[in-house]
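Report on the structure given below.
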Amino acid sequence: MRSPLWEPTQTRCTGIDWSAMKNGAKKPATWRMRRLEIVVRVLRKAGLRVQRLRRPREDRTADSRGFVLHRGYRLPPKSLRRRMCGDAFPIDSFFFLSAVLEATKFSARLGYAKGARVVDIGCGLGRLATGLLKEFGDVHYLGIDANEGFVRWCKENIEKYHPTFRFVHLDMANALYNPGGTVVGKELRLPVDDASADIVYLWGVFTNMVPEDVEAYIGEIGRILRPQGRCFLTAFVEDDVPDVTLNPTNYVPYTCDEPLVCVRFSRQWLFSTLQQHGLQVQEFRYHGTIFPKHSEIYVAKAPD
């Protein structure tokens, strides 16, 4: 039985262009990524200051038609974006440029080549998909999320016009995002064939997840990732802390007044869990994202 992941497939997958990276193609992409990261950091700080000074205004036109048109791309209305984990996402320019920043990591650090197959776990409102569209055009992409409303928006506003981008709802239980979910822990099975994904991406997923579910997802990443594939994820990770802390006190600069607003892991626990499932950390950027305390982790299959 075929997986629903890569239909429709229009071009043959060429996988990851490691030779181009070795020959120096990585450098310009890395410089561009770093420049864009500086711009997005400044934009976030400036945008948050403006938001504090002004009362938030709803865009009734966007809410009535279901999207905001920004630089020719459909963005979710602000009313939906306020439900995302990220204080600056309601700012159109920040949402869009942060999406492009994430996409630049694919060429700079993840070896993306035309035809590579991408799985976006916790795709939310299609932020990465929007960035990939801007950077690469049509991509063989599958977005998976536990929020059915988010997936519906992505289907109606991205998949409908770009059918190589596909979105599916996974009813995974999560106390913050999907408390009524029916799938828990080891019951997890992603709709992806074994060893079929070139790049697996998880932004802000483990940051709001209990350890049992993190282990289940890591097991699935190990199953679906190709031998030469790469995985990118973010997490709250520190040394000299308990293995897992739910909503740690005075750790992040915002209120943790709901379940799983912030889940922090010890580096030893997270890295050893990855190793147990045949994965190894290739690069760890401590507090390396534009959001407070988020660390970036680049992972590959461990050699046999």
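Residues in the structure tokens are named by chain (A, B, ... in the order shown) and by number from 1 within that chain; ligands are numbered from 1 in the order shown.
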Give me the residues of stretch 229-290 of chain A that have any atom at most 10 Å from an atom of stretch 119-130 of chain A; for each, the nearest atom pair and the distance in Å, rounded to one decimal. Use only C-alpha atoms, sort by chain and number, and format it as a Markdown table.
| residue | atom | partner | partner_atom | distance |
| --- | --- | --- | --- | --- |
| A:Cys231 | CA | A:Val119 | CA | 9.4 |
| A:Phe232 | CA | A:Asp120 | CA | 9.7 |
| A:Leu233 | CA | A:Ile121 | CA | 9.6 |
Restrict the selected residues to N, CA and C atoms and save them as an mmCIF file, in the first residue's frame.
data_model
loop_
_atom_site.group_PDB
_atom_site.id
_atom_site.type_symbol
_atom_site.label_atom_id
_atom_site.label_comp_id
_atom_site.auth_asym_id
_atom_site.auth_seq_id
_atom_site.Cartn_x
_atom_site.Cartn_y
_atom_site.Cartn_z
ATOM 1 N N CYS A 231 17.552 16.053 9.795
ATOM 2 C CA CYS A 231 16.412 16.513 10.591
ATOM 3 C C CYS A 231 16.806 17.802 11.303
ATOM 4 N N PHE A 232 15.885 18.750 11.325
ATOM 5 C CA PHE A 232 16.070 20.000 12.061
ATOM 6 C C PHE A 232 14.979 20.101 13.108
ATOM 7 N N LEU A 233 15.358 20.443 14.336
ATOM 8 C CA LEU A 233 14.348 20.639 15.368
ATOM 9 C C LEU A 233 14.802 21.726 16.323
#
Filtered DSSP result for stretch 46-214 of chain A, state strand (DSSP E), as a PyMOL selection string: chain A and resi 68-70+73-75+117-121+140-145+165-169+197-202
Residues of stretch 26-159 of chain A in alpha helix (DSSP H), written as a ChimeraX atom specification: /A:26-53,60-65,78-81,92-108,127-136,148-154
Residue with smallest distance to A:Gly222 - pool A:Gln282, A:Ser79, A:Ser196, A:Ser107, counting only C-alpha atoms: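 Going through A:Gln282, A:Ser79, A:Ser196, A:Ser107 one by one, the smallest distance to A:Gly222 is for A:Ser196.
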Which residue of A:Thr255, A:Phe271, A:Val261, A:Trp153 approaches A:Asp239 most closely, using only C-alpha atoms: A:Phe271
Surrounding residues of A:Lys293 excluding itself and chain neighbours under 3 positions, 7 Å, only C-alpha atoms, as a PDB file with C-alpha atoms, in the first residue's frame:
ATOM      1  CA  PHE A 236      14.365  24.160  25.215  1.00  0.00           C
ATOM      2  CA  VAL A 252      11.151  32.167  29.592  1.00  0.00           C
ATOM      3  CA  HIS A 287      19.808  29.465  22.114  1.00  0.00           C
TER       4      HIS A 287
END
Do you know which residues are at most 10 Å from A:Leu279 counting only C-alpha atoms, after dropping those on the same chain fewer than 6 positions away, and could you put them as a PDB file with C-alpha atoms, in the first residue's frame?
ATOM      1  CA  ILE A 218      11.917  10.636  17.689  1.00  0.00           C
ATOM      2  CA  GLY A 219      11.227   6.973  16.965  1.00  0.00           C
ATOM      3  CA  ILE A 221      11.866  10.356  12.719  1.00  0.00           C
ATOM      4  CA  GLY A 222      14.352   7.494  12.849  1.00  0.00           C
ATOM      5  CA  LEU A 225      14.427   9.497   7.534  1.00  0.00           C
ATOM      6  CA  ARG A 230      18.728  15.381   7.819  1.00  0.00           C
ATOM      7  CA  CYS A 231      16.412  16.513  10.591  1.00  0.00           C
ATOM      8  CA  PHE A 271      20.617  13.669  22.933  1.00  0.00           C
ATOM      9  CA  SER A 272      20.642  10.161  24.418  1.00  0.00           C
ATOM     10  CA  THR A 273      17.007   9.655  23.357  1.00  0.00           C
ATOM     11  CA  VAL A 299      20.352  15.646  13.352  1.00  0.00           C
ATOM     12  CA  ALA A 300      21.363  12.857  10.965  1.00  0.00           C
ATOM     13  CA  LYS A 301      21.100   9.084  10.857  1.00  0.00           C
ATOM     14  CA  ALA A 302      23.861   7.468  12.897  1.00  0.00           C
ATOM     15  CA  PRO A 303      26.209   5.259  10.828  1.00  0.00           C
TER      16      PRO A 303
END
Spatial neighbours of A:Ala235, max dist 8 Å, only C-alpha atoms, sep filter under 6 positions, as a list in words: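 So, after excluding close chain neighbours, the residues are Gly204, Val205, Phe206, Thr207, Arg264, Phe265, His294, Ser295, Glu296 and Ile297 of chain A.
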Between atom CA of A:Pro28 and atom CA of A:Phe106, distance in Å (one decimal): 12.8 Å
Between atom CA of A:Arg44 and atom CA of A:Phe167 - distance in Å to one decimal: 27.8 Å
Separation of atom CA of A:Lys160 from atom CA of A:Asn147 in Å: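 Atom-to-atom, atom CA of A:Asn147 and atom CA of A:Lys160 are spaced 18.6 Å apart.
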From A:Val40, A:Leu69, A:Leu110, A:Ala29, residue lying nearest A:Phe291 [only C-alpha atoms]: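 Of the candidates, the smallest distance to A:Phe291 is held by A:Val40.
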